[in-house]
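Below: final_0.csv (CSV, C-alpha atoms)
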```
chain,number,residue,atom,x,y,z
A,1166,MET,CA,-3.8,180.0,116.7
A,1167,SER,CA,-5.9,181.8,114.1
A,1168,LEU,CA,-5.0,181.3,110.4
A,1169,LYS,CA,-7.1,184.2,109.3
A,1170,THR,CA,-5.4,187.4,107.9
A,1171,GLU,CA,-6.5,189.9,105.3
A,1172,LYS,CA,-4.8,188.7,102.1
A,1173,ILE,CA,-3.5,185.5,100.5
A,1174,TRP,CA,-1.4,185.5,97.3
A,1175,LEU,CA,-3.0,183.1,94.8
A,1176,ASP,CA,-1.8,182.6,91.2
A,1177,GLY,CA,-0.2,186.0,90.9
A,1178,GLU,CA,-2.7,188.1,92.7
A,1179,LEU,CA,-3.5,189.2,96.3
A,1180,VAL,CA,-7.0,188.1,97.1
A,1181,ARG,CA,-9.1,188.4,100.2
A,1182,TRP,CA,-8.6,185.6,102.7
A,1183,GLU,CA,-12.2,184.5,102.2
A,1184,ASP,CA,-11.8,184.2,98.5
A,1185,ALA,CA,-8.8,181.9,98.4
A,1186,THR,CA,-10.8,178.8,97.7
A,1187,VAL,CA,-10.7,175.7,95.4
A,1188,HIS,CA,-13.3,173.3,94.0
A,1189,VAL,CA,-14.1,170.0,95.7
A,1190,LEU,CA,-13.0,168.2,92.6
A,1191,THR,CA,-9.5,169.7,92.7
A,1192,HIS,CA,-7.0,166.9,91.9
A,1193,ALA,CA,-4.8,167.5,94.9
A,1194,LEU,CA,-7.7,167.1,97.3
A,1195,HIS,CA,-8.3,163.6,96.0
A,1196,TYR,CA,-4.7,162.3,95.4
A,1197,GLY,CA,-2.4,164.5,97.5
A,1198,THR,CA,-0.8,166.0,94.4
A,1199,ALA,CA,0.6,169.1,96.2
A,1200,TYR,CA,3.9,170.2,97.6
A,1201,PHE,CA,4.6,173.0,100.1
A,1202,GLU,CA,7.1,174.8,102.3
A,1203,GLY,CA,7.2,176.1,105.8
A,1204,ILE,CA,9.1,179.4,106.3
A,1205,ARG,CA,9.4,182.0,109.0
A,1206,CYS,CA,9.7,185.7,109.1
A,1207,TYR,CA,11.2,187.2,112.3
A,1208,GLU,CA,11.1,190.6,113.8
A,1209,LEU,CA,14.8,191.6,114.2
A,1210,ALA,CA,16.5,193.2,117.1
A,1211,ASP,CA,16.6,196.5,115.2
A,1212,GLY,CA,12.9,196.6,114.6
A,1213,ARG,CA,13.1,195.5,110.9
A,1214,SER,CA,11.7,192.1,109.7
A,1215,ALA,CA,13.4,189.4,107.6
A,1216,VAL,CA,12.5,186.1,106.2
A,1217,PHE,CA,14.9,183.3,107.2
A,1218,ARG,CA,16.6,181.5,104.3
A,1219,LEU,CA,13.9,182.3,101.8
A,1220,PRO,CA,15.8,181.4,98.6
A,1221,GLU,CA,16.7,178.0,100.0
A,1222,HIS,CA,13.2,177.2,101.0
A,1223,LEU,CA,11.8,178.3,97.6
A,1224,ARG,CA,14.6,176.3,95.8
A,1225,ARG,CA,13.4,173.3,97.7
A,1226,LEU,CA,9.8,174.0,96.7
A,1227,TRP,CA,11.0,174.2,93.0
A,1228,ASP,CA,12.9,170.9,93.5
A,1229,SER,CA,9.8,169.2,95.0
A,1230,GLY,CA,7.8,170.1,91.8
A,1231,ASN,CA,10.4,168.7,89.5
A,1232,ILE,CA,10.7,165.5,91.6
A,1233,LEU,CA,7.0,164.9,91.5
A,1234,GLY,CA,6.6,165.8,87.9
A,1235,PHE,CA,4.3,168.9,88.1
A,1236,PRO,CA,6.7,171.8,88.3
A,1237,LEU,CA,6.1,175.3,89.5
A,1238,PRO,CA,4.6,177.8,87.0
A,1239,TYR,CA,6.6,180.6,88.7
A,1240,SER,CA,10.3,181.2,89.1
A,1241,VAL,CA,12.0,181.3,92.5
A,1242,GLY,CA,12.5,185.0,92.0
A,1243,GLN,CA,8.8,185.6,91.4
A,1244,LEU,CA,7.8,183.7,94.5
A,1245,MET,CA,10.4,185.5,96.6
A,1246,GLU,CA,8.8,188.8,95.7
A,1247,ALA,CA,5.3,187.4,96.2
A,1248,THR,CA,6.3,186.2,99.6
A,1249,LEU,CA,7.4,189.7,100.7
A,1250,GLN,CA,4.3,191.2,99.1
A,1251,VAL,CA,1.9,189.1,101.0
A,1252,ILE,CA,3.7,189.7,104.3
A,1253,ARG,CA,3.6,193.5,103.7
A,1254,ALA,CA,-0.1,193.3,102.7
A,1255,ASN,CA,-1.0,191.7,106.0
A,1256,ARG,CA,1.2,194.2,108.0
A,1257,LEU,CA,2.9,191.4,110.0
A,1258,LYS,CA,6.3,191.9,111.7
A,1259,GLU,CA,6.6,188.2,112.4
A,1260,CYS,CA,4.8,185.3,110.8
A,1261,TYR,CA,4.8,181.7,109.5
A,1262,ILE,CA,4.7,181.5,105.7
A,1263,ARG,CA,3.0,178.6,103.8
A,1264,PRO,CA,3.6,178.4,100.1
A,1265,VAL,CA,1.8,175.5,98.5
A,1266,ALA,CA,1.6,174.3,94.9
A,1267,PHE,CA,-1.2,172.0,93.9
A,1268,VAL,CA,-2.7,170.2,90.9
A,1269,GLY,CA,-6.0,171.8,90.1
A,1270,ILE,CA,-9.3,170.8,88.5
A,1271,GLY,CA,-9.4,169.0,85.1
A,1272,ASP,CA,-9.1,165.3,84.7
A,1273,LEU,CA,-9.9,163.3,87.8
A,1274,GLY,CA,-7.7,160.2,87.6
A,1275,LEU,CA,-4.2,159.3,88.6
A,1276,TYR,CA,-2.8,160.5,85.3
A,1277,ALA,CA,-3.8,164.1,84.7
A,1278,PRO,CA,-0.8,165.7,83.0
A,1279,ASN,CA,-2.8,168.7,81.6
A,1280,ASN,CA,-4.3,169.9,84.8
A,1281,PRO,CA,-3.1,173.3,85.9
A,1282,VAL,CA,-0.7,173.8,88.8
A,1283,HIS,CA,-1.8,176.5,91.1
A,1284,VAL,CA,0.3,178.3,93.8
A,1285,SER,CA,-0.8,180.1,96.9
A,1286,ILE,CA,1.2,181.8,99.7
A,1287,ALA,CA,-0.5,182.4,103.0
A,1288,VAL,CA,1.0,184.0,106.2
A,1289,TRP,CA,-0.2,184.1,109.8
A,1290,PRO,CA,1.2,184.7,113.3
A,1291,TRP,CA,2.5,181.4,114.8
A,1292,GLY,CA,4.5,181.0,117.9
A,1293,ALA,CA,6.6,178.0,119.0
A,1294,TYR,CA,5.2,174.8,117.3
A,1295,LEU,CA,6.0,172.6,120.3
A,1296,GLY,CA,5.3,175.3,122.9
A,1297,ASP,CA,7.4,178.0,124.6
A,1298,GLU,CA,7.8,175.6,127.6
A,1299,GLY,CA,9.1,173.0,125.2
A,1300,LEU,CA,11.7,175.3,123.8
A,1301,LYS,CA,13.0,176.0,127.3
A,1302,ASN,CA,12.6,172.7,129.2
A,1303,GLY,CA,12.3,170.1,126.5
A,1304,ILE,CA,9.5,167.8,125.4
A,1305,ARG,CA,8.6,164.1,125.7
A,1306,ALA,CA,8.9,162.0,122.5
A,1307,LYS,CA,8.0,158.4,121.6
A,1308,VAL,CA,9.2,156.2,118.8
A,1309,SER,CA,6.2,155.5,116.6
A,1310,SER,CA,5.1,152.2,115.3
A,1311,PHE,CA,4.8,153.7,111.8
A,1312,THR,CA,7.9,153.4,109.7
A,1313,ARG,CA,9.3,156.4,107.7
A,1314,HIS,CA,9.0,156.2,104.0
A,1315,HIS,CA,11.5,154.1,102.0
A,1316,VAL,CA,13.3,156.2,99.4
A,1317,ASN,CA,11.7,154.2,96.5
A,1318,VAL,CA,8.2,154.2,98.0
A,1319,MET,CA,7.8,157.9,98.3
A,1320,MET,CA,10.1,160.6,97.1
A,1321,THR,CA,11.6,161.6,100.5
A,1322,LYS,CA,13.5,164.7,99.1
A,1323,SER,CA,10.3,166.3,98.1
A,1324,LYS,CA,8.0,168.1,100.6
A,1325,ALA,CA,5.0,166.4,99.1
A,1326,ALA,CA,1.6,166.8,100.8
A,1327,GLY,CA,0.9,163.1,100.4
A,1328,ASN,CA,4.0,162.2,102.3
A,1329,TYR,CA,2.6,163.7,105.4
A,1330,ILE,CA,-0.2,161.1,105.9
A,1331,ASN,CA,2.7,159.1,107.3
A,1332,SER,CA,3.4,161.9,109.7
A,1333,VAL,CA,-0.2,162.4,110.7
A,1334,LEU,CA,-0.6,158.8,111.6
A,1335,ALA,CA,2.6,158.9,113.8
A,1336,LYS,CA,1.7,162.2,115.4
A,1337,HIS,CA,-1.8,161.0,116.3
A,1338,GLU,CA,-0.5,157.8,117.7
A,1339,VAL,CA,1.9,159.4,120.2
A,1340,LYS,CA,-0.3,162.3,121.1
A,1341,LYS,CA,-3.0,159.9,122.1
A,1342,ALA,CA,-0.5,158.1,124.3
A,1343,GLY,CA,0.4,161.3,126.1
A,1344,TYR,CA,3.6,162.4,124.3
A,1345,ASP,CA,4.5,165.6,122.5
A,1346,GLU,CA,6.1,164.3,119.3
A,1347,ALA,CA,6.8,161.1,117.3
A,1348,ILE,CA,10.2,159.8,116.3
A,1349,MET,CA,10.2,157.6,113.3
A,1350,LEU,CA,12.6,154.8,112.2
A,1351,ASP,CA,13.5,154.2,108.6
A,1352,ALA,CA,12.7,150.9,106.7
A,1353,GLU,CA,15.9,149.3,108.0
A,1354,GLY,CA,15.2,150.2,111.6
A,1355,TYR,CA,17.5,153.2,112.0
A,1356,VAL,CA,16.4,156.5,113.4
A,1357,SER,CA,15.1,158.7,110.6
A,1358,GLU,CA,13.4,161.9,111.7
A,1359,ALA,CA,10.3,163.1,113.6
A,1360,SER,CA,6.9,163.7,112.2
A,1361,GLY,CA,7.9,167.1,111.0
A,1362,GLU,CA,11.4,167.7,112.3
A,1363,ASN,CA,15.0,166.5,111.9
A,1364,ILE,CA,16.7,165.0,115.0
A,1365,PHE,CA,20.1,165.5,116.6
A,1366,ILE,CA,21.7,163.7,119.5
A,1367,VAL,CA,24.7,164.7,121.6
A,1368,ARG,CA,27.1,162.3,123.2
A,1369,ASP,CA,30.5,163.2,124.7
A,1370,ARG,CA,30.2,166.7,123.2
A,1371,LYS,CA,29.9,165.2,119.7
A,1372,VAL,CA,26.7,166.2,117.8
A,1373,LYS,CA,25.2,163.5,115.5
A,1374,THR,CA,22.3,163.7,113.1
A,1375,THR,CA,20.9,161.3,110.5
A,1376,PRO,CA,22.3,161.6,107.0
A,1377,LEU,CA,20.3,162.7,103.9
A,1378,THR,CA,19.1,159.2,103.1
A,1379,SER,CA,15.4,158.7,104.0
A,1380,ILE,CA,14.9,162.3,105.4
A,1381,LEU,CA,13.8,165.6,104.0
A,1382,PRO,CA,16.9,167.9,103.7
A,1383,GLY,CA,15.9,170.4,106.4
A,1384,ILE,CA,16.8,174.0,106.0
A,1385,THR,CA,17.0,174.5,109.7
A,1386,ARG,CA,19.0,171.2,110.0
A,1387,ASP,CA,21.6,172.6,107.6
A,1388,SER,CA,21.7,175.9,109.5
A,1389,ILE,CA,22.3,174.1,112.8
A,1390,ILE,CA,25.1,172.0,111.3
A,1391,THR,CA,26.7,175.2,110.1
A,1392,LEU,CA,26.3,177.0,113.4
A,1393,ALA,CA,27.5,174.0,115.4
A,1394,ARG,CA,30.6,173.5,113.3
A,1395,GLY,CA,31.3,177.3,113.5
A,1396,LYS,CA,31.3,176.9,117.3
A,1397,ASP,CA,33.9,174.1,117.0
A,1398,TYR,CA,31.6,171.2,117.8
A,1399,GLN,CA,32.2,168.0,116.0
A,1400,VAL,CA,29.2,167.2,113.8
A,1401,ILE,CA,28.7,163.7,112.5
A,1402,GLU,CA,26.2,162.8,109.8
A,1403,GLU,CA,25.6,159.0,110.1
A,1404,ARG,CA,22.9,156.5,110.8
A,1405,PHE,CA,22.3,155.6,114.4
A,1406,THR,CA,20.0,153.2,116.3
A,1407,ARG,CA,17.1,153.6,118.6
A,1408,ASP,CA,19.1,152.6,121.7
A,1409,GLU,CA,21.6,155.4,120.9
A,1410,LEU,CA,18.7,157.8,121.5
A,1411,TYR,CA,18.3,156.4,125.0
A,1412,THR,CA,22.0,156.8,125.9
A,1413,ALA,CA,22.4,160.3,124.5
A,1414,ASP,CA,23.6,163.1,126.8
A,1415,GLU,CA,21.2,165.4,125.0
A,1416,ALA,CA,18.8,165.4,122.1
A,1417,PHE,CA,16.9,168.0,120.1
A,1418,PHE,CA,14.6,168.5,117.1
A,1419,THR,CA,15.1,171.1,114.4
A,1420,GLY,CA,12.7,172.5,111.9
A,1421,THR,CA,11.1,175.7,110.7
A,1422,ALA,CA,8.1,175.3,112.9
A,1423,ALA,CA,9.9,173.6,115.9
A,1424,GLU,CA,13.0,175.8,115.5
A,1425,VAL,CA,15.4,174.1,118.0
A,1426,THR,CA,13.4,172.1,120.6
A,1427,PRO,CA,15.1,170.0,123.3
A,1428,ILE,CA,14.0,166.5,124.0
A,1429,ARG,CA,14.0,165.6,127.7
A,1430,GLU,CA,12.5,162.1,127.5
A,1431,ILE,CA,12.2,159.3,124.8
A,1432,ASP,CA,10.1,156.2,125.3
A,1433,ASP,CA,9.8,157.0,129.1
A,1434,ARG,CA,13.6,157.2,129.4
A,1435,GLN,CA,15.1,160.4,130.7
A,1436,ILE,CA,17.6,161.9,128.3
A,1437,GLY,CA,20.7,163.2,130.1
A,1438,ALA,CA,19.7,165.4,133.0
A,1439,GLY,CA,16.0,165.4,131.9
A,1440,CYS,CA,16.1,169.0,130.7
A,1441,ARG,CA,17.7,171.2,128.0
A,1442,GLY,CA,21.4,170.3,127.9
A,1443,PRO,CA,24.2,172.8,127.7
A,1444,ILE,CA,25.2,172.1,124.1
A,1445,THR,CA,21.6,172.2,123.0
A,1446,GLU,CA,21.2,175.5,124.8
A,1447,ASP,CA,24.3,177.0,123.3
A,1448,ILE,CA,23.3,176.0,119.7
A,1449,GLN,CA,19.7,177.1,120.3
A,1450,ALA,CA,20.9,180.5,121.6
A,1451,SER,CA,23.1,181.0,118.5
A,1452,PHE,CA,20.2,180.1,116.2
A,1453,PHE,CA,17.9,182.7,117.8
A,1454,GLU,CA,20.7,185.3,117.6
A,1455,VAL,CA,21.0,184.6,113.9
A,1456,VAL,CA,17.3,184.8,113.1
A,1457,LYS,CA,17.0,188.0,115.1
A,1458,GLY,CA,19.7,189.6,113.1
A,1459,ARG,CA,22.3,189.8,115.8
A,1460,GLN,CA,25.1,187.9,114.0
A,1461,SER,CA,26.3,189.7,110.9
A,1462,LYS,CA,28.3,186.6,109.9
A,1463,TYR,CA,25.0,185.0,108.8
A,1464,SER,CA,23.2,188.1,107.5
A,1465,SER,CA,23.1,186.5,104.1
A,1466,TRP,CA,20.5,184.0,105.5
A,1467,LEU,CA,18.0,186.9,106.0
A,1468,THR,CA,15.8,188.5,103.3
A,1469,TYR,CA,14.7,191.8,104.6
A,1470,LEU,CA,11.2,193.2,104.0
```
As structure tokens, what does this structure read like?
Amino acid sequence: MSLKTEKIWLDGELVRWEDATVHVLTHALHYGTAYFEGIRCYELADGRSAVFRLPEHLRRLWDSGNILGFPLPYSVGQLMEATLQVIRANRLKECYIRPVAFVGIGDLGLYAPNNPVHVSIAVWPWGAYLGDEGLKNGIRAKVSSFTRHHVNVMMTKSKAAGNYINSVLAKHEVKKAGYDEAIMLDAEGYVSEASGENIFIVRDRKVKTTPLTSILPGITRDSIITLARGKDYQVIEERFTRDELYTADEAFFTGTAAEVTPIREIDDRQIGAGCRGPITEDIQASFFEVVKGRQSKYSSWLTYL
């Protein structure tokens, strides 16, 4: 994967990719005082391109800034237009989109209320986060020894850059052990989410996912709940335990990067038939129909270029 394109949007201007730089004394580099989003633009079946649930993602970015106490200096509307502008400038039909807001240079201490907040939006081509093979046949996951954040330790409803050190530790741990992704438990021992994805399990045709307690409110998670209920599956949002993972008929991850990725194995235990299950496949197919613009019922989720 190459991150390099032609242009990046930075503080209201399109600049050359090479010129989108910051100083080494930038506050966010030292203290993690940044927040971001991950968004996707898809090429549709009719040849046009559209960004999936752009307003919702940018509203969550706005919320992250307010939660953390260094709000965005731009409106959601301004950032929507900036997002479309940078995609067009790089002439991309499909791409991953990374808006990030960060506290800039000024005071270098924990309390720096007068430092400016900068915003950049970068785009680049990016395929399946957990691999095309994973999308089709499922991946191997392991429960990490690292606990997910408690709601009063870190602000779990913000997509704060500093929060992701927890994810980095978990991801490195399980990758070194030979697995594809980490599953994390909350501070009370219940299943929370993965290092960068929400998690669903299926048992007796009932779809279950963790509630919005210790987890980030995933945009793809919300989309999958809506799609599953629209297909008359019963969707339950409640806490569940680690051993419920082992006895699930099916399991899958959701996220902007991961999209809908089946889980075939957890902690060396086969999940269901050890491959993508029929309900996962059905929901996954519906998701890709929507993002490709083939379901007019959900056309409001698409922002066209």
**Message:** I'd like the interatomic distance between atom CA of Pro1376 of chain A and atom CA of Thr1406 of chain A, to a tenth of an Å.
**Reply:**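 Value for the atom CA of Pro1376 of chain A-atom CA of Thr1406 of chain A distance: 12.7 Å.
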**Item:** Computed interatomic separation between atom CA of Ile1448 of chain A and atom CA of Thr1374 of chain A (Å)
**Value:** 14.0 Å
**Request:** Could you please determine the separation between atom CA of Asn1255 of chain A and atom CA of Lys1169 of chain A in Å, to one decimal place?
**Result:**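 Value for the atom CA of Asn1255 of chain A-atom CA of Lys1169 of chain A distance: 10.2 Å.
Between Arg1224 of chain A and the candidates A:Ile1384, A:Val1372, A:Val1455, A:Ala1325, the tightest atom-to-atom separation, counting all atoms listed in the file, involves A:Ile1384.
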**Request:** Select, from A:Ile1366, A:Leu1377, A:Ile1173, A:Leu1350, the residue with the minimum atom-to-atom distance to Val1251 of chain A, counting only C-alpha atoms.
**Result:**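 Answer, going by the shortest atom-to-atom distance: A:Ile1173.
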**Request:** Would you mind listing what lies within 7 Å of Ile1204 of chain A as a PyMOL selection string, with all atoms listed in the file counted and same-chain residues fewer than 3 positions away left out?
**Result:** chain A and resi 1261-1263+1421
If you take all atoms listed in the file and a cut-off of 6 Å, which residues of segment 1231-1330 of chain A touch segment 1177-1199 of chain A, and what are their nearest atom pairs and distances in Å to one decimal, in chain and number order, as a Markdown table?
```
| residue | atom | partner | partner_atom | distance |
| --- | --- | --- | --- | --- |
| A:Ala1266 | CA | A:Ala1199 | CA | 5.5 |
| A:Phe1267 | CA | A:Ala1199 | CA | 4.1 |
| A:Val1268 | CA | A:Ala1193 | CA | 5.3 |
| A:Gly1269 | CA | A:Thr1191 | CA | 4.8 |
| A:Ile1270 | CA | A:Thr1191 | CA | 4.3 |
| A:Ala1325 | CA | A:Ala1199 | CA | 5.9 |
| A:Ala1326 | CA | A:Ala1199 | CA | 5.2 |
| A:Gly1327 | CA | A:Gly1197 | CA | 4.6 |
```
**Prompt:** Which residue, A:Ile1390, A:Leu1295, A:Ile1380, A:Val1425, has the smallest gap to Arg1404 of chain A when you use all atoms listed in the file?
**Reply:** A:Ile1380
Using the file's own x, y and z axes, what box holds all listed atoms of segment 1272-1284 of chain A with 3 Å on each side, keeping edges along x, y and z, and what are its centre and edge lengths in Å to one decimal, as AutoDock Vina command-line options?
```
--center_x -4.8 --center_y 168.8 --center_z 87.7 --size_x 16.2 --size_y 25.0 --size_z 18.2
```
**Request:** Rank nothing, just name the residue among A:Glu1430, A:Ile1444, A:Pro1382, A:Glu1221 nearest to Tyr1398 of chain A, using all atoms listed in the file.
**Result:** A:Ile1444
List the residues sitting within 10 Å of (20.6, 184.2, 111.9) in the file's frame, using all atoms listed in the file, as a CSV table (one decimal) with C-alpha atoms, keeping the file's coordinate frame.
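File part_4.csv, as written:
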```csv
chain,number,residue,atom,x,y,z
A,1207,TYR,CA,11.2,187.2,112.3
A,1209,LEU,CA,14.8,191.6,114.2
A,1215,ALA,CA,13.4,189.4,107.6
A,1217,PHE,CA,14.9,183.3,107.2
A,1218,ARG,CA,16.6,181.5,104.3
A,1388,SER,CA,21.7,175.9,109.5
A,1392,LEU,CA,26.3,177.0,113.4
A,1451,SER,CA,23.1,181.0,118.5
A,1452,PHE,CA,20.2,180.1,116.2
A,1453,PHE,CA,17.9,182.7,117.8
A,1454,GLU,CA,20.7,185.3,117.6
A,1455,VAL,CA,21.0,184.6,113.9
A,1456,VAL,CA,17.3,184.8,113.1
A,1457,LYS,CA,17.0,188.0,115.1
A,1458,GLY,CA,19.7,189.6,113.1
A,1459,ARG,CA,22.3,189.8,115.8
A,1460,GLN,CA,25.1,187.9,114.0
A,1461,SER,CA,26.3,189.7,110.9
A,1462,LYS,CA,28.3,186.6,109.9
A,1463,TYR,CA,25.0,185.0,108.8
A,1464,SER,CA,23.2,188.1,107.5
A,1465,SER,CA,23.1,186.5,104.1
A,1466,TRP,CA,20.5,184.0,105.5
A,1467,LEU,CA,18.0,186.9,106.0
```
**Asked** Contacts of segment 1355-1358 of chain A at 12 Å or less, counting all atoms listed in the file, minus same-chain residues fewer than 2 places along, as a ChimeraX atom specification?
**Response** /A:1306-1309,1311-1316,1321,1331-1332,1335,1346-1353,1360-1366,1373-1383,1386,1402-1411,1417-1420
